[in-house]
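**Student:** Below is the file final-v3.txt, with compact mmCIF, C-alpha atoms.
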# COMPACT_ATOMS: atom_id res chain seq x y z
CA MET A 1 -41.53 -28.97 -38.74
CA SER A 2 -43.52 -26.81 -41.17
CA SER A 3 -44.71 -24.48 -38.41
CA VAL A 4 -41.12 -23.89 -37.29
CA ALA A 5 -40.07 -23.17 -40.86
CA GLU A 6 -42.97 -20.76 -41.33
CA LYS A 7 -42.01 -18.89 -38.18
CA ALA A 8 -38.43 -18.61 -39.40
CA VAL A 9 -39.63 -17.31 -42.80
CA ASP A 10 -42.19 -14.88 -41.34
CA ARG A 11 -39.67 -13.28 -38.92
CA PRO A 12 -38.37 -10.03 -40.42
CA VAL A 13 -34.79 -10.31 -41.48
CA GLY A 14 -32.30 -8.50 -39.24
CA THR A 15 -34.62 -7.84 -36.28
CA ARG A 16 -32.47 -9.68 -33.70
CA ARG A 17 -29.05 -10.08 -35.16
CA PRO A 18 -28.12 -6.37 -34.84
CA ARG A 19 -29.10 -6.47 -31.17
CA ARG A 20 -26.94 -9.53 -30.64
CA ARG A 21 -24.04 -7.93 -32.42
CA ALA A 22 -24.42 -4.70 -30.46
CA GLY A 23 -24.56 -6.66 -27.22
CA SER A 24 -21.46 -8.63 -28.18
CA VAL A 25 -19.60 -5.42 -28.98
CA VAL A 26 -20.54 -3.86 -25.65
CA GLN A 27 -19.53 -7.01 -23.82
CA GLY A 28 -16.21 -7.16 -25.65
CA VAL A 29 -15.45 -3.50 -24.91
CA ALA A 30 -16.31 -3.95 -21.23
CA ILE A 31 -14.07 -7.02 -20.90
CA ALA A 32 -11.24 -5.27 -22.74
CA LEU A 33 -11.54 -2.26 -20.44
CA GLY A 34 -11.54 -4.56 -17.42
CA LEU A 35 -8.38 -6.25 -18.63
CA VAL A 36 -6.65 -2.91 -19.17
CA LEU A 37 -7.57 -1.74 -15.66
CA MET A 38 -6.67 -5.01 -13.97
CA LEU A 39 -3.37 -5.63 -15.77
CA GLY A 40 -2.38 -1.95 -15.70
CA GLY A 41 -3.01 -1.60 -11.98
CA PHE A 42 -1.37 -4.89 -11.11
CA GLY A 43 1.60 -4.14 -13.35
CA LEU A 44 2.14 -0.74 -11.75
CA ILE A 45 2.12 -2.30 -8.27
CA ALA A 46 4.51 -5.07 -9.37
CA VAL A 47 6.96 -2.57 -10.86
CA ASP A 48 6.86 0.13 -8.16
CA TYR A 49 6.38 -1.91 -4.98
CA THR A 50 8.09 -4.75 -3.15
CA PRO A 51 6.57 -6.91 -0.37
CA TYR A 52 8.41 -7.30 2.95
CA ARG A 53 7.55 -9.52 5.89
CA ILE A 54 8.00 -8.03 9.35
CA PRO A 55 10.25 -10.39 11.38
CA THR A 56 10.23 -8.68 14.80
CA ALA A 57 8.04 -6.61 17.10
CA SER A 58 10.28 -3.53 16.84
CA MET A 59 7.58 -1.55 15.00
CA SER A 60 4.69 -2.65 17.22
CA PRO A 61 1.89 -1.62 17.48
CA THR A 62 2.07 -0.10 13.97
CA LEU A 63 3.39 -3.35 12.48
CA GLN A 64 3.11 -6.77 14.05
CA VAL A 65 5.35 -9.82 13.70
CA GLY A 66 4.38 -11.65 10.50
CA ASP A 67 2.72 -8.67 8.80
CA THR A 68 3.44 -8.30 5.10
CA VAL A 69 3.82 -4.74 3.86
CA LEU A 70 4.19 -3.14 0.46
CA ALA A 71 7.01 -0.63 0.15
CA ARG A 72 7.60 1.71 -2.76
CA LYS A 73 11.02 1.51 -4.31
CA GLY A 74 12.62 4.95 -4.55
CA GLY A 75 9.74 7.41 -4.69
CA GLY A 76 11.49 10.63 -3.78
CA ALA A 77 13.13 12.12 -0.72
CA VAL A 78 12.54 10.60 2.71
CA GLY A 79 11.07 12.83 5.40
CA ARG A 80 10.48 12.67 9.15
CA GLY A 81 7.73 10.24 9.99
CA ASP A 82 8.28 7.94 7.01
CA VAL A 83 8.45 4.21 7.74
CA VAL A 84 11.31 2.93 5.62
CA VAL A 85 13.01 -0.29 4.59
CA PHE A 86 16.79 -0.04 4.69
CA ARG A 87 19.94 -2.09 4.79
CA ASP A 88 23.07 -0.74 6.52
CA ALA A 89 26.37 -2.62 6.61
CA LEU A 90 27.31 -1.24 10.03
CA TRP A 91 24.04 -2.58 11.46
CA GLY A 92 24.78 -6.11 10.25
CA GLY A 93 23.54 -5.77 6.67
CA ALA A 94 20.07 -7.14 7.45
CA VAL A 95 16.93 -5.66 5.94
CA MET A 96 15.17 -3.59 8.62
CA VAL A 97 12.01 -1.50 8.91
CA LYS A 98 12.09 1.61 11.13
CA ARG A 99 10.61 5.10 11.33
CA VAL A 100 12.59 8.20 10.41
CA VAL A 101 12.53 10.61 13.36
CA ALA A 102 15.25 13.02 12.27
CA VAL A 103 17.08 13.97 9.07
CA GLY A 104 20.43 15.54 8.29
CA GLY A 105 20.97 18.78 10.21
CA ASP A 106 18.42 17.94 12.94
CA THR A 107 19.22 17.65 16.62
CA VAL A 108 17.18 14.83 18.11
CA ALA A 109 17.08 14.28 21.86
CA CYS A 110 15.38 12.27 24.55
CA CYS A 111 13.38 13.40 26.35
CA ASP A 112 11.31 16.32 27.61
CA SER A 113 9.34 16.35 30.87
CA GLY A 114 6.46 14.62 29.10
CA ASN A 115 8.65 11.70 27.93
CA ARG A 116 8.56 12.96 24.35
CA LEU A 117 11.31 13.11 21.78
CA THR A 118 12.44 16.57 20.80
CA VAL A 119 13.62 17.50 17.33
CA ASN A 120 15.38 20.85 17.03
CA GLY A 121 14.13 21.69 20.50
CA LYS A 122 10.45 21.01 19.71
CA ALA A 123 8.60 18.21 21.45
CA VAL A 124 6.99 15.68 19.14
CA ASP A 125 3.69 13.96 19.98
CA GLU A 126 3.86 10.50 18.41
CA PRO A 127 0.41 8.86 18.41
CA TYR A 128 1.79 5.56 17.09
CA VAL A 129 3.91 5.01 20.24
CA ASP A 130 2.31 3.32 23.25
CA GLU A 131 1.78 6.05 25.85
CA GLN A 132 2.93 3.71 28.62
CA GLN A 133 6.35 3.17 27.07
CA LEU A 134 9.48 5.01 28.10
CA GLN A 135 11.76 6.24 25.34
CA GLY A 136 14.87 4.66 26.85
CA ALA A 137 18.15 6.24 27.97
CA ALA A 138 18.68 9.96 27.47
CA PHE A 139 20.63 11.09 24.40
CA SER A 140 21.17 14.10 22.22
CA VAL A 141 22.47 13.75 18.65
CA GLU A 142 23.06 16.14 15.78
CA VAL A 143 22.37 14.15 12.63
CA PRO A 144 25.06 14.60 9.96
CA ALA A 145 24.03 15.85 6.51
CA GLY A 146 22.74 13.12 4.20
CA ARG A 147 21.94 10.75 7.06
CA LEU A 148 18.84 9.66 9.01
CA PHE A 149 18.08 8.87 12.65
CA LEU A 150 15.78 5.84 12.82
CA MET A 151 13.69 4.39 15.64
CA GLY A 152 11.17 1.60 16.04
CA ASP A 153 7.67 2.46 17.25
CA ASN A 154 8.19 -0.13 19.99
CA ARG A 155 10.62 2.04 21.93
CA LEU A 156 11.35 -0.66 24.53
CA GLY A 157 11.93 -3.47 22.05
CA SER A 158 13.74 -1.93 19.10
CA LEU A 159 17.43 -2.08 18.25
CA ASP A 160 17.77 1.14 16.32
CA SER A 161 19.83 4.34 16.13
CA ARG A 162 19.92 4.54 19.93
CA THR A 163 21.98 1.33 20.10
CA HIS A 164 24.51 2.55 17.51
CA LEU A 165 25.28 6.01 18.91
CA ASP A 166 29.02 5.34 18.74
CA VAL A 167 28.98 5.38 14.91
CA ALA A 168 27.89 8.68 13.31
CA GLY A 169 25.55 9.27 16.22
CA GLY A 170 23.55 6.19 15.32
CA SER A 171 22.49 7.61 11.98
CA VAL A 172 22.50 5.76 8.67
CA PRO A 173 23.07 7.13 5.15
CA ALA A 174 19.85 8.20 3.45
CA ALA A 175 21.13 6.24 0.45
CA ASP A 176 20.72 3.01 2.46
CA VAL A 177 16.94 3.38 2.29
CA VAL A 178 15.61 1.04 -0.38
CA ALA A 179 11.87 1.65 -0.05
CA ARG A 180 9.13 3.47 1.86
CA VAL A 181 6.31 1.44 3.44
CA GLU A 182 2.86 2.50 2.21
CA ALA A 183 0.48 -0.30 3.15
CA THR A 184 -0.08 -3.51 5.08
CA VAL A 185 -1.48 -6.27 2.87
CA LEU A 186 -1.41 -9.34 5.14
CA PRO A 187 -3.06 -10.51 7.27
CA LEU A 188 -6.26 -9.29 5.61
CA GLY A 189 -7.69 -8.21 8.96
CA ARG A 190 -4.90 -5.63 9.28
CA ALA A 191 -4.71 -4.65 5.61
CA GLY A 192 -4.81 -0.96 4.83
CA MET A 193 -2.96 2.10 3.64
CA PHE A 194 -0.57 3.96 5.91
CA GLY A 195 -2.01 7.32 6.83
CA ARG A 196 0.28 10.34 6.79
CA THR A 197 1.45 11.23 10.30
CA VAL A 198 1.38 14.89 11.32
CA ALA A 199 3.59 14.23 14.35
CA PHE A 200 6.60 16.08 12.91
CA ASP A 201 4.78 18.99 11.29
CA VAL A 202 5.56 21.08 14.36
CA VAL A 203 9.26 20.84 13.51
CA GLY A 204 8.94 22.16 9.97
CA GLY A 205 11.11 21.11 7.04
CA PRO A 206 11.03 17.65 5.43
CA VAL A 207 8.08 15.66 6.74
CA THR A 208 6.34 12.47 5.65
CA SER A 209 6.56 11.96 1.91
CA GLY A 210 3.46 11.87 -0.28
CA ARG A 211 1.92 8.56 -1.22
CA GLY A 212 2.76 6.81 -4.43
CA PRO A 213 0.27 5.32 -6.90
CA LEU A 214 -0.51 2.25 -4.77
CA GLU A 215 -4.07 3.14 -3.78
CA PRO A 216 -5.37 4.11 -7.24
CA ALA A 217 -3.53 1.15 -8.76
CA ALA A 218 -5.17 -1.20 -6.27
CA TYR A 219 -8.61 0.27 -7.00
CA ALA A 220 -7.99 -0.10 -10.74
CA THR A 221 -6.98 -3.76 -10.31
CA VAL A 222 -10.06 -4.61 -8.25
CA ALA A 223 -12.42 -2.61 -10.50
CA GLY A 224 -11.02 -4.27 -13.62
CA ALA A 225 -11.40 -7.75 -12.19
CA ALA A 226 -14.94 -6.97 -11.04
CA LEU A 227 -15.86 -5.58 -14.46
CA ILE A 228 -14.63 -8.74 -16.19
CA VAL A 229 -16.52 -11.03 -13.79
CA VAL A 230 -19.78 -9.06 -13.93
CA THR A 231 -19.70 -8.65 -17.71
CA SER A 232 -19.00 -12.35 -18.23
CA ALA A 233 -21.78 -13.30 -15.82
CA VAL A 234 -24.28 -10.97 -17.50
CA GLY A 235 -23.32 -12.36 -20.91
CA ALA A 236 -23.83 -15.91 -19.69
CA VAL A 237 -27.25 -15.07 -18.23
CA VAL A 238 -28.37 -13.29 -21.42
CA GLY A 239 -27.25 -16.25 -23.51
CA LEU A 240 -29.15 -18.67 -21.27
CA VAL A 241 -32.34 -16.55 -21.49
CA ARG A 242 -32.09 -16.52 -25.29
CA ARG A 243 -31.75 -20.28 -25.45
CA ILE A 244 -34.79 -20.74 -23.18
CA ARG A 245 -36.86 -18.39 -25.34
CA ARG A 246 -35.86 -20.23 -28.52
CA ARG A 247 -36.92 -23.55 -27.04
CA ALA A 248 -40.20 -22.03 -25.86
CA ALA A 249 -40.83 -20.56 -29.32
CA ALA A 250 -40.12 -23.89 -30.96
Write the structure described by the file as structure tokens, please.

**Tutor:**
Amino acid sequence: MSSVAEKAVDRPVGTRRPRRRAGSVVQGVAIALGLVLMLGGFGLIAVDYTPYRIPTASMSPTLQVGDTVLARKGGGAVGRGDVVVFRDALWGGAVMVKRVVAVGGDTVACCDSGNRLTVNGKAVDEPYVDEQQLQGAAFSVEVPAGRLFLMGDNRLGSLDSRTHLDVAGGSVPAADVVARVEATVLPLGRAGMFGRTVAFDVVGGPVTSGRGPLEPAAYATVAGAALIVVTSAVGAVVGLVRRIRRRAAA
């Protein structure tokens, strides 16, 4: 007992406590920063994005039955190539996911000698469509202003603008679009951001819209969570080492 007391008396006052305090401050700051990143990123995703589950194969192979996607609510004007979520009363009022292939003022037609859609007389190479698929029956439509012509990537298995040509040329009001799809989140094996398609750049005018804040928000959420876990783990290890050293010194 006396030797322990002597050691405690002989140790210079304040040699370890400042280090402990500094370490605690650093740990607290790191955890606080992690919380800000994690909650900020997650909150931004929750506010700006809505999940949708894909019920049919109409967007195959881009989207499969059962996939869950994140779509940004609003987010600016819709352009050719965007994959959108919409609800149109004349199409039954169900929530659907299709790709915009033409906008108001465009003339969209099927097909050229290479089985490609044409928009304003220019053939469009669509890499997301199976090369073996036919586009379906021939048509030519001038899309009214403020409306969109929508098609599924699965051209043989999609009920889209081509099956509603008797009403406004199959187009739907741009105002019926409720969100733009930006990523697949489930299943995890297919998770990923949607890349911008350049298929319609040859046409000119409104093309695929820019991405929203989903990717940086997701990185912030993951980085914040990782920072909290690592900082907490390091703090626990440091505390354990200190306790072992105290016992050894005693």

**Student:** Would you list the residues near (12.5, 21.7, 9.5), meaning any protein, DNA or RNA residue with an atom at most 12 Å from that point in file coordinates, counting all atoms listed in the file, as an NGL selection string?

**Tutor:** :A and (79-80 or 101-108 or 119-122 or 200-208)

**Student:** Do you have the CA of Asp153 in chain A-CA of Lys98 in chain A distance handy?

**Tutor:**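 Value for the CA of Asp153 in chain A-CA of Lys98 in chain A distance: 7.6 Å.
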
**Student:** Applying 9 Å and only C-alpha atoms, which residues near Asp130 in chain A remain after dropping the ones on its own chain fewer than 5 positions away? List them as a PyMOL selection string.

**Tutor:** chain A and resi 60-61+153-155

**Student:** CA of Gly224 in chain A and CA of Arg211 in chain A are how many Å apart?

**Tutor:** 22.0 Å

**Student:** Measuring atom to atom with all atoms listed in the file, identify which of A:Asp67, A:Glu142, A:Asp88, A:Asp160 is nearest to Pro55 in chain A.

**Tutor:**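 With all atoms listed in the file as the atom set, the closest residue is A:Asp67.
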
**Student:** Out of A:Val198, A:Val237, A:Val143, A:Val65, which residue has the shortest atom-to-atom distance to Asp125 in chain A when counting all atoms listed in the file?

**Tutor:** A:Val198

**Student:** Give me the residues near range 176-180 of chain A as a PyMOL selection string, where near means some atom within 10 Å (using only C-alpha atoms) and where sequence neighbours in that chain fewer than 2 positions away do not count.

**Tutor:** chain A and resi 48-50+69-78+82-89+95-99+147-148+172-174+182-183+209+211-212

**Student:** Show me, as a PyMOL selection string, the residues that have an atom within 8 Å of range 162-164 of chain A when counting all atoms listed in the file, minus same-chain residues fewer than 5 positions from it.

**Tutor:** chain A and resi 91+139+151+169-171
